[in-house]
Every structure is written in structure tokens, then in C-alpha cells.
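Raw contents of model_17.cif, mmCIF, C-alpha atoms:
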data_protein
loop_
_atom_site.label_atom_id
_atom_site.label_comp_id
_atom_site.auth_asym_id
_atom_site.auth_seq_id
_atom_site.Cartn_x
_atom_site.Cartn_y
_atom_site.Cartn_z
CA MET A 1 -21.16 -1.07 24.28
CA THR A 2 -18.39 0.16 21.96
CA LEU A 3 -14.74 0.12 23.00
CA PRO A 4 -14.49 3.97 23.19
CA ALA A 5 -17.59 4.08 25.39
CA LEU A 6 -16.17 1.35 27.61
CA SER A 7 -12.87 3.23 27.82
CA ARG A 8 -14.65 6.44 28.87
CA LEU A 9 -16.59 4.52 31.49
CA THR A 10 -13.40 2.99 32.87
CA ASP A 11 -11.70 6.39 32.92
CA ALA A 12 -14.58 7.78 34.96
CA LEU A 13 -14.09 5.19 37.70
CA PRO A 14 -12.18 6.23 40.86
CA ARG A 15 -8.38 5.92 40.85
CA THR A 16 -8.09 5.61 44.60
CA THR A 17 -10.20 4.19 47.37
CA THR A 18 -13.39 6.06 48.20
CA PRO A 19 -16.01 5.70 50.95
CA LEU A 20 -18.04 3.58 48.52
CA VAL A 21 -15.13 1.17 48.02
CA ARG A 22 -14.69 0.86 51.77
CA ARG A 23 -18.40 0.28 52.33
CA LEU A 24 -18.50 -2.40 49.65
CA ALA A 25 -15.49 -4.11 51.24
CA VAL A 26 -17.31 -4.18 54.58
CA ALA A 27 -20.46 -5.44 52.83
CA SER A 28 -18.36 -8.24 51.30
CA LEU A 29 -17.22 -9.34 54.76
CA VAL A 30 -20.67 -9.05 56.32
CA SER A 31 -22.30 -11.02 53.49
CA GLN A 32 -19.73 -13.82 53.74
CA ILE A 33 -20.45 -14.14 57.46
CA ALA A 34 -24.21 -13.88 56.87
CA ILE A 35 -24.27 -16.81 54.47
CA VAL A 36 -22.44 -18.93 57.06
CA VAL A 37 -25.21 -18.13 59.54
CA THR A 38 -28.02 -18.85 57.06
CA GLY A 39 -26.27 -22.03 55.98
CA GLY A 40 -26.16 -23.01 59.63
CA ALA A 41 -29.89 -22.36 59.89
CA VAL A 42 -30.44 -24.74 56.97
CA ARG A 43 -28.51 -27.48 58.71
CA LEU A 44 -29.88 -26.89 62.21
CA THR A 45 -33.50 -26.95 61.03
CA ALA A 46 -32.88 -30.20 59.10
CA SER A 47 -33.58 -28.35 55.85
CA GLY A 48 -30.43 -29.42 54.02
CA LEU A 49 -32.46 -31.41 51.53
CA GLY A 50 -35.41 -29.01 51.55
CA CYS A 51 -34.55 -28.59 47.86
CA PRO A 52 -33.62 -32.18 46.95
CA GLU A 53 -32.15 -31.26 43.55
CA TRP A 54 -29.45 -28.90 42.29
CA PRO A 55 -29.28 -26.48 40.51
CA ARG A 56 -33.10 -26.74 40.42
CA CYS A 57 -35.01 -26.99 43.66
CA THR A 58 -36.91 -30.01 42.34
CA ALA A 59 -36.72 -31.95 39.11
CA ASP A 60 -39.54 -29.80 37.70
CA SER A 61 -39.16 -26.46 39.47
CA ILE A 62 -36.39 -23.90 39.95
CA VAL A 63 -38.13 -22.49 43.02
CA THR A 64 -39.59 -24.16 46.10
CA THR A 65 -43.17 -25.41 45.96
CA PRO A 66 -45.90 -25.20 48.62
CA GLU A 67 -45.77 -28.99 49.06
CA MET A 68 -42.14 -28.73 50.25
CA GLY A 69 -43.20 -26.69 53.25
CA PHE A 70 -40.94 -24.98 55.78
CA HIS A 71 -37.75 -26.90 54.89
CA GLY A 72 -38.03 -25.98 51.22
CA VAL A 73 -38.43 -22.30 52.07
CA ILE A 74 -35.36 -22.34 54.34
CA GLU A 75 -33.10 -24.10 51.83
CA PHE A 76 -34.28 -22.06 48.84
CA GLY A 77 -33.90 -18.83 50.85
CA ASN A 78 -30.28 -19.70 51.52
CA ARG A 79 -29.74 -20.31 47.81
CA LEU A 80 -31.24 -16.92 47.00
CA LEU A 81 -28.71 -15.21 49.29
CA THR A 82 -26.05 -16.31 46.82
CA PHE A 83 -27.40 -13.73 44.37
CA VAL A 84 -26.91 -11.01 47.00
CA LEU A 85 -23.28 -12.09 47.31
CA VAL A 86 -22.92 -11.95 43.53
CA LEU A 87 -24.30 -8.39 43.39
CA ILE A 88 -21.95 -7.23 46.15
CA ALA A 89 -18.97 -8.97 44.52
CA VAL A 90 -19.68 -7.47 41.10
CA ALA A 91 -20.13 -4.01 42.63
CA MET A 92 -16.85 -4.44 44.49
CA ILE A 93 -15.01 -5.37 41.29
CA ALA A 94 -16.56 -2.44 39.42
CA SER A 95 -15.58 0.00 42.18
CA VAL A 96 -11.88 -0.93 41.90
CA LEU A 97 -11.76 -1.52 38.15
CA GLY A 98 -10.42 1.96 37.46
CA MET A 99 -7.50 1.42 39.84
CA ARG A 100 -6.71 -2.14 38.81
CA ARG A 101 -3.16 -1.15 37.82
CA GLU A 102 -2.45 1.11 40.82
CA ARG A 103 -4.18 -1.21 43.30
CA LYS A 104 -3.72 -4.72 42.01
CA ASP A 105 -4.22 -5.98 45.55
CA LEU A 106 -7.82 -4.73 45.74
CA PHE A 107 -8.62 -5.98 42.26
CA ARG A 108 -7.22 -9.46 42.91
CA LEU A 109 -8.92 -9.77 46.30
CA SER A 110 -12.22 -8.72 44.73
CA ILE A 111 -11.83 -11.26 41.93
CA GLY A 112 -10.97 -13.93 44.49
CA LEU A 113 -14.16 -13.27 46.44
CA PHE A 114 -16.21 -13.34 43.25
CA LEU A 115 -14.72 -16.67 42.14
CA GLY A 116 -15.42 -18.11 45.57
CA ILE A 117 -19.16 -17.79 44.97
CA PRO A 118 -19.48 -20.24 42.03
CA ALA A 119 -16.99 -22.53 43.79
CA GLN A 120 -19.28 -22.60 46.83
CA ALA A 121 -22.31 -23.14 44.60
CA VAL A 122 -20.68 -26.21 43.04
CA ILE A 123 -19.73 -27.58 46.47
CA GLY A 124 -23.30 -26.93 47.56
CA GLY A 125 -24.56 -28.92 44.60
CA ILE A 126 -22.23 -31.81 45.44
CA THR A 127 -23.51 -31.61 49.02
CA VAL A 128 -27.08 -32.14 47.79
CA TRP A 129 -26.11 -34.87 45.31
CA THR A 130 -24.24 -36.80 48.04
CA GLY A 131 -27.15 -36.61 50.50
CA LEU A 132 -25.31 -34.17 52.81
CA ASN A 133 -22.10 -36.13 53.11
CA PRO A 134 -20.52 -34.66 56.29
CA TRP A 135 -17.09 -34.26 54.71
CA VAL A 136 -18.50 -32.30 51.78
CA VAL A 137 -20.60 -30.19 54.16
CA GLY A 138 -17.40 -29.57 56.14
CA LEU A 139 -15.57 -28.48 52.98
CA HIS A 140 -18.41 -26.02 52.33
CA PHE A 141 -17.77 -24.44 55.73
CA VAL A 142 -13.99 -24.41 55.35
CA VAL A 143 -14.22 -22.55 52.03
CA SER A 144 -16.53 -20.04 53.72
CA MET A 145 -13.85 -19.43 56.37
CA ILE A 146 -11.27 -18.84 53.64
CA LEU A 147 -13.58 -16.30 51.99
CA VAL A 148 -14.15 -14.59 55.36
CA ALA A 149 -10.36 -14.30 55.73
CA VAL A 150 -9.99 -12.86 52.21
CA ALA A 151 -12.79 -10.37 52.85
CA THR A 152 -11.11 -9.30 56.10
CA VAL A 153 -7.89 -8.51 54.25
CA LEU A 154 -9.93 -6.64 51.63
CA VAL A 155 -11.50 -4.46 54.33
CA ASN A 156 -8.06 -3.57 55.70
CA ARG A 157 -6.59 -2.87 52.27
CA ALA A 158 -9.59 -0.75 51.22
CA ARG A 159 -8.82 1.66 54.06
CA LEU A 160 -5.59 2.69 52.31
CA ASP A 161 -5.54 5.25 49.55
CA THR A 162 -3.07 4.76 46.70
CA GLU A 163 -0.34 6.88 48.26
CA GLN A 164 -0.60 5.10 51.60
CA TYR A 165 -0.50 1.76 49.84
CA ARG A 166 2.66 2.69 47.95
CA ALA A 167 4.39 4.15 50.99
CA GLY A 168 4.27 1.12 53.25
CA ARG A 169 5.75 1.15 56.76
CA ALA A 170 7.47 -1.10 59.25
CA PRO A 171 5.25 -3.76 60.87
CA ALA A 172 3.49 -2.47 63.97
CA ALA A 173 4.35 -5.52 66.08
CA PRO A 174 7.84 -6.41 67.38
CA PRO A 175 9.25 -9.80 66.29
CA LEU A 176 7.94 -11.78 69.28
CA LEU A 177 4.44 -10.38 68.88
CA ARG A 178 4.49 -11.10 65.15
CA GLN A 179 5.24 -14.74 65.93
CA LEU A 180 2.39 -14.84 68.44
CA LEU A 181 -0.01 -13.30 65.92
CA LEU A 182 0.94 -15.87 63.29
CA THR A 183 0.57 -18.67 65.84
CA SER A 184 -2.87 -17.42 66.85
CA THR A 185 -4.05 -17.50 63.22
CA VAL A 186 -2.69 -21.02 62.75
CA LEU A 187 -4.34 -22.21 65.98
CA THR A 188 -7.60 -20.54 64.97
CA SER A 189 -7.52 -22.41 61.65
CA ILE A 190 -6.77 -25.74 63.35
CA THR A 191 -9.53 -25.13 65.89
CA ILE A 192 -12.07 -24.43 63.14
CA LEU A 193 -10.99 -27.47 61.11
CA LEU A 194 -11.37 -29.75 64.13
CA GLY A 195 -14.69 -28.08 64.90
CA VAL A 196 -15.87 -29.12 61.44
CA VAL A 197 -14.93 -32.73 62.25
CA VAL A 198 -16.81 -32.50 65.56
CA THR A 199 -19.87 -31.19 63.73
CA GLY A 200 -19.70 -34.08 61.28
CA SER A 201 -19.89 -36.53 64.17
CA GLY A 202 -22.73 -34.77 65.99
CA PRO A 203 -26.51 -34.84 65.78
CA HIS A 204 -27.14 -31.84 63.51
CA ALA A 205 -26.80 -33.50 60.11
CA GLY A 206 -28.97 -31.13 58.11
CA ASP A 207 -31.49 -33.88 57.40
CA HIS A 208 -32.84 -36.68 59.55
CA GLY A 209 -31.56 -39.28 57.09
CA ALA A 210 -28.10 -37.80 56.45
CA ALA A 211 -25.02 -39.83 57.35
CA ARG A 212 -22.48 -38.88 60.01
CA ASN A 213 -18.69 -39.30 59.72
CA GLY A 214 -18.67 -42.23 62.15
CA LEU A 215 -16.05 -40.76 64.53
CA ASP A 216 -16.43 -40.83 68.30
CA SER A 217 -17.98 -37.45 69.13
CA ASP A 218 -16.53 -37.22 72.66
CA LEU A 219 -13.02 -38.04 71.44
CA VAL A 220 -12.98 -35.52 68.59
CA THR A 221 -14.51 -32.90 70.92
CA ARG A 222 -11.57 -33.38 73.30
CA LEU A 223 -9.15 -33.08 70.39
CA HIS A 224 -10.96 -29.91 69.31
CA ALA A 225 -10.46 -28.45 72.79
CA LEU A 226 -6.65 -28.82 72.74
CA PRO A 227 -5.90 -26.04 70.21
CA VAL A 228 -8.52 -23.91 71.98
CA TYR A 229 -6.45 -24.03 75.19
CA LEU A 230 -3.33 -23.16 73.21
CA LEU A 231 -5.15 -20.34 71.43
CA VAL A 232 -6.35 -18.82 74.71
CA ALA A 233 -2.80 -18.92 76.13
CA THR A 234 -1.27 -17.51 72.92
CA VAL A 235 -3.72 -14.62 72.65
CA ALA A 236 -3.37 -13.80 76.37
CA LEU A 237 0.41 -13.69 75.99
CA ALA A 238 0.07 -11.57 72.85
CA VAL A 239 -2.06 -9.02 74.71
CA VAL A 240 0.52 -8.82 77.52
CA VAL A 241 3.40 -8.41 75.06
CA ALA A 242 1.47 -5.77 73.12
CA TYR A 243 0.88 -3.63 76.19
CA ARG A 244 4.40 -4.08 77.56
CA SER A 245 5.90 -3.26 74.15
CA GLY A 246 3.91 -0.06 73.79
CA VAL A 247 2.53 -0.91 70.35
CA HIS A 248 0.10 1.54 68.82
CA ALA A 249 -3.53 1.67 69.90
CA LYS A 250 -4.90 0.18 66.69
CA LEU A 251 -3.02 -3.08 67.21
CA ARG A 252 -3.95 -3.19 70.90
CA ARG A 253 -7.62 -2.81 70.01
CA ALA A 254 -7.34 -5.60 67.43
CA LEU A 255 -5.81 -7.91 70.03
CA VAL A 256 -8.38 -7.06 72.70
CA LEU A 257 -11.16 -7.76 70.18
CA LEU A 258 -9.55 -11.11 69.32
CA ALA A 259 -9.19 -12.00 73.00
CA ALA A 260 -12.83 -11.16 73.69
CA ILE A 261 -14.07 -13.28 70.78
CA VAL A 262 -11.84 -16.21 71.79
CA LEU A 263 -13.22 -16.15 75.34
CA VAL A 264 -16.86 -15.83 74.28
CA GLN A 265 -16.50 -18.51 71.59
CA GLY A 266 -14.82 -20.86 74.06
CA ALA A 267 -17.56 -20.28 76.62
CA ILE A 268 -20.28 -20.96 74.05
CA GLY A 269 -18.49 -24.13 72.99
CA TYR A 270 -18.34 -25.50 76.53
CA VAL A 271 -21.92 -24.59 77.37
CA GLN A 272 -23.32 -26.09 74.16
CA HIS A 273 -21.39 -29.31 74.79
CA PHE A 274 -22.70 -29.79 78.32
CA LEU A 275 -26.25 -28.82 77.28
CA HIS A 276 -26.10 -31.44 74.48
CA LEU A 277 -25.91 -29.03 71.53
CA PRO A 278 -29.07 -26.91 71.63
CA ILE A 279 -29.75 -25.36 68.23
CA ALA A 280 -29.54 -21.71 69.36
CA LEU A 281 -26.09 -22.15 70.90
CA VAL A 282 -24.80 -24.12 67.91
CA ALA A 283 -25.92 -21.28 65.64
CA LEU A 284 -24.12 -18.76 67.86
CA HIS A 285 -21.02 -20.97 67.78
CA MET A 286 -21.05 -20.94 63.96
CA LEU A 287 -21.34 -17.16 63.96
CA GLY A 288 -18.53 -17.07 66.52
CA ALA A 289 -16.30 -19.17 64.27
CA SER A 290 -16.70 -16.63 61.47
CA LEU A 291 -16.01 -13.71 63.80
CA LEU A 292 -13.01 -15.54 65.27
CA MET A 293 -11.48 -16.10 61.85
CA ALA A 294 -12.04 -12.46 60.91
CA ALA A 295 -10.60 -11.20 64.22
CA ALA A 296 -7.52 -13.44 63.99
CA VAL A 297 -6.76 -12.38 60.42
CA HIS A 298 -7.40 -8.72 61.28
CA ALA A 299 -5.03 -8.84 64.26
CA GLN A 300 -2.32 -10.57 62.27
CA TYR A 301 -2.73 -8.16 59.38
CA THR A 302 -2.61 -5.12 61.67
CA GLY A 303 0.56 -6.29 63.41
CA THR A 304 2.59 -7.90 60.66
CA THR A 305 1.91 -6.18 57.33
CA ARG A 306 3.67 -3.17 55.86
CA LYS A 307 0.49 -2.15 54.06
CA THR A 308 -1.48 -0.54 56.86
CA LEU A 309 -2.52 2.85 58.13
CA PRO A 310 -0.27 4.57 60.68
CA GLY A 311 -1.38 3.97 64.24
CA THR A 312 -1.46 6.17 67.30
CA PRO A 313 1.55 5.47 69.54
CA ALA A 314 0.80 4.02 72.94
CA GLY A 315 0.05 6.66 75.53
CA THR A 316 -0.77 9.32 72.93
CA ARG A 317 -3.98 11.22 73.55
CA VAL A 318 -5.99 11.81 70.39
CA PRO A 319 -7.18 15.45 70.25
CA GLN A 320 -10.94 15.81 70.47
CA ALA A 321 -12.79 17.93 67.98
CA VAL A 322 -13.96 21.27 69.36
CA SER A 323 -17.65 21.87 68.78
#
In C-alpha cells, what does this structure look like?
Amino acid sequence: MTLPALSRLTDALPRTTTPLVRRLAVASLVSQIAIVVTGGAVRLTASGLGCPEWPRCTADSIVTTPEMGFHGVIEFGNRLLTFVLVLIAVAMIASVLGMRRERKDLFRLSIGLFLGIPAQAVIGGITVWTGLNPWVVGLHFVVSMILVAVATVLVNRARLDTEQYRAGRAPAAPPLLRQLLLTSTVLTSITILLGVVVTGSGPHAGDHGAARNGLDSDLVTRLHALPVYLLVATVALAVVVAYRSGVHAKLRRALVLLAAIVLVQGAIGYVQHFLHLPIALVALHMLGASLLMAAAVHAQYTGTTRKTLPGTPAGTRVPQAVS
């Protein structure tokens, strides 16, 4: 393609956010969560070494072979999902390319998500080469949580058109609530990190021959529970402060969503522990971790940033459309 043709193509791209941009941002978030769930399925079905080589599936084949059976299909299927993430990431970058000067935030977030994909692929390769070392597997999950957080910010920023982005506004949350929102995100991150350590000491190694981290599972589980208690108390206090302060409805909804996910995730964690980690509940807990990270980042973003849509003041009735 010649430079003039490329210039005309760039000029034809949107200069502000469109429904397509917003849908691609949501698709970015959904796909990042989806690959966490499919990666969990690989580990929970002991298919982590279903493809024993990387980047090939075997020394002689890029794809799985019939002899590799169920585990090969599961592992190779998870690898294929990476290409879906690449397509979404490239489409996201293309959709904001025309506004890369006006909306540097969207362009940089999109590039960040794209670069996260090869980074995860390399970590995945190291995971295979090290025979599913639990610390490398844990790093794989932690990077996924970072990408979920980035995608959550992207979704919020994509809702703003260029004028709204430039305007900015005072944070929706009062100072005390902003501190509680920041604390909830920090506690969520600590909880997830300790959850990774717990997982590395537990029975679901991803392969029957994979090593564990050697830590006492009961002890690290108790340590994992401590920030959970603090998170529950912090989020409960944040909800009370939000309602007493009369913050706008958008922030209240974000906090209620966060509180609901915290409670459900905590309940799943306790039940799975006392039932000795059944696979279905562990999978739900991994999904819950992704949703918890997204909800915490969304609540903090909604309450603390100046780059957000105006909210409806507390007590204001939104007019209903007349049919």
C-alpha cells in the first residue's frame, strides 16, 4: 500500500469513539476473562502438558494429534484462543488509529493489551518448558489479571467521546470514599496474589506429574483469607459512605456490583475449601477472580478519575421515554 493510500485510509477512520469502538473495548475485556477461564480448564483437567512442546504442540506437529487424546485437544484449543485475542486487539487498535492524537489514552491502552498477548505466549512457553512450574503458572495468571484491569479501564474510557474526554470533571467520590476505593483495589490485588500462592500449593497442578510450591496449603489458605476479611469490611464501609454521601447513581451501582462479587467470591472460596476443591467450584472461583478484579478497577475508576461520564445525582429520577 502506498503512503497516500495509507493516509487516505487513516483519514477515513473515526475521530471520536463510536459504538464499534465501545463494542470492541467490551470484547477485549470479555476475551481476557474468557482466556482465564479456558486456561483454568486446561489446568483443572490436567491438560497443562497436553501439548508437551512450545511453540509447536509436539516436536513434529504444530497441531494436536489423535494420539494425544482429550488433553491435547484441551491444551491446543486454549492456544488457539490466543488468535481470537489477537484479532480483537488488532481491530481495537485499528478502530482508534484515526484518533491516536486526540485520544492517546485509547491508543496506548489498546497497544498495551496487544503487547500483553505475546508476553503471555512467552510465559506460556516457559510454563511448558519448566514442566508447569507453579510460580511460572502463577505469573501467567497475574499477568492475565493485569490485562483484565487494563481492559476494564479501556471500556470506561471508550464510553467518552473526544469532547467529554477533554472536559474532565471533579471525581465523583468524596475524599474518604476515594481512599476506600483505592484500598479495595489494593486488597483485591493482594487477595488474588495470595490466591495464586494457595493454588500453587494445592492439588490442581495442571498435570499429574507437575511439581507444587511446597508450602503448607492450610497455612497459606489462612493467610489468603485475611485480606478477604479486610476487603469485605472495606467494601461494606464504602457502600455505606457512598449512600450517606449522596454520590451519583453510577458510582453506587459500581459499588453494589463490587460488593455482590466480593460476597459471592468469598462464599465460593469457603465452600470449595471445605469440599476439598472440586473442579467446578475452582473454575467458578477463577472466573470470580477475574470479575472481582474488573469490578474493583471499575469502581475505583468511576469514583476517583476525572475522565468519566457525568452521573445522575442521588435521588434524581431519570425520565422514562414516552412510547
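Pairwise distance (atom CA of A:Asn78, atom CA of A:Thr130) equals 18.5 Å.
Taking all atoms listed in the file into account, A:Val122 lies nearest to A:Trp54 out of the set A:Phe274, A:Pro175, A:Leu81, A:Trp54.
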Selected residue of minimal separation from A:Arg43 among A:His204, A:Arg169, A:Arg100, A:Arg108, counting all atoms listed in the file: A:His204
Residue neighbourhood A:Pro203, 9 Å, only C-alpha atoms, exclusion window fewer than 4 positions, as a ChimeraX atom specification: /A:199,212,277
Quick one: contact table of stretch 265-318 of chain A to stretch 29-35 of chain A, 8 Å max, nearest atom pair and distance in Å to one decimal per residue, counting all atoms listed in the file, chain and number order, as CSV?
residue,atom,partner,partner_atom,distance
A:Leu287,CA,A:Ile33,CA,7.2
A:Ser290,CA,A:Ile33,CA,6.0
A:Leu291,CA,A:Ile33,CA,7.8
Once you add 4 Å to each side, what are the centre and edge lengths of the axis-aligned box holding all listed atoms of stretch 293-305 of chain A? One decimal in Å, as JSON, if you can.
{"center_x": -4.7, "center_y": -10.6, "center_z": 60.8, "size_x": 22.6, "size_y": 19.0, "size_z": 14.9}
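In this comparison, which uses only C-alpha atoms, the residue of A:Arg178, A:Leu115, A:Gly39, A:Val262 approaching A:His140 most closely is A:Gly39.
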Selected residue of minimal separation from A:Lys250 among A:Thr308, A:Ser144, A:Ser217, A:Ser201, counting all atoms listed in the file: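 Checking each of A:Thr308, A:Ser144, A:Ser217, A:Ser201 against A:Lys250, counting all atoms listed in the file, the winner is A:Thr308.
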Protein, DNA and RNA residues within 12 Å of (-26.0, -20.1, 40.6), all atoms listed in the file, as a count of residues only: 26
Care to translate the PyMOL selection byres ((chain A and resi 176) around 12) into actual residues of this file, as a PDB file with C-alpha atoms, in the coordinates of the input?
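Written output follows (result_35.pdb):
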ATOM      1  CA  PRO A 171       5.250  -3.760  60.870  1.00  0.00           C
ATOM      2  CA  ALA A 172       3.490  -2.470  63.970  1.00  0.00           C
ATOM      3  CA  ALA A 173       4.350  -5.520  66.080  1.00  0.00           C
ATOM      4  CA  PRO A 174       7.840  -6.410  67.380  1.00  0.00           C
ATOM      5  CA  PRO A 175       9.250  -9.800  66.290  1.00  0.00           C
ATOM      6  CA  LEU A 177       4.440 -10.380  68.880  1.00  0.00           C
ATOM      7  CA  ARG A 178       4.490 -11.100  65.150  1.00  0.00           C
ATOM      8  CA  GLN A 179       5.240 -14.740  65.930  1.00  0.00           C
ATOM      9  CA  LEU A 180       2.390 -14.840  68.440  1.00  0.00           C
ATOM     10  CA  LEU A 181      -0.010 -13.300  65.920  1.00  0.00           C
ATOM     11  CA  LEU A 182       0.940 -15.870  63.290  1.00  0.00           C
ATOM     12  CA  THR A 183       0.570 -18.670  65.840  1.00  0.00           C
ATOM     13  CA  THR A 234      -1.270 -17.510  72.920  1.00  0.00           C
ATOM     14  CA  LEU A 237       0.410 -13.690  75.990  1.00  0.00           C
ATOM     15  CA  ALA A 238       0.070 -11.570  72.850  1.00  0.00           C
ATOM     16  CA  VAL A 239      -2.060  -9.020  74.710  1.00  0.00           C
ATOM     17  CA  VAL A 240       0.520  -8.820  77.520  1.00  0.00           C
ATOM     18  CA  VAL A 241       3.400  -8.410  75.060  1.00  0.00           C
ATOM     19  CA  ALA A 242       1.470  -5.770  73.120  1.00  0.00           C
ATOM     20  CA  ARG A 244       4.400  -4.080  77.560  1.00  0.00           C
ATOM     21  CA  SER A 245       5.900  -3.260  74.150  1.00  0.00           C
ATOM     22  CA  GLY A 303       0.560  -6.290  63.410  1.00  0.00           C
ATOM     23  CA  THR A 304       2.590  -7.900  60.660  1.00  0.00           C
TER      24      THR A 304
END
Two-atom distance - atom CA of A:Arg103, atom CA of A:Thr185 (Å):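 If I compute the distance from atom CA of A:Arg103 to atom CA of A:Thr185, I get 25.7 Å.
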Interatomic distance (Å, one decimal) between atom CA of A:Val196 and atom CA of A:Tyr301: 24.8 Å
Distance criterion (all atoms listed in the file): nearest to A:Ala89 out of A:Arg157, A:Val186, A:Ile111, A:Ile261: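 With all atoms listed in the file as the atom set, the closest residue is A:Ile111.
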Spatial neighbours of A:Leu281, 9 Å, all atoms listed in the file, chain gap at least 2 places, as a PyMOL selection string: chain A and resi 268-269+271-272+277-279+283-286
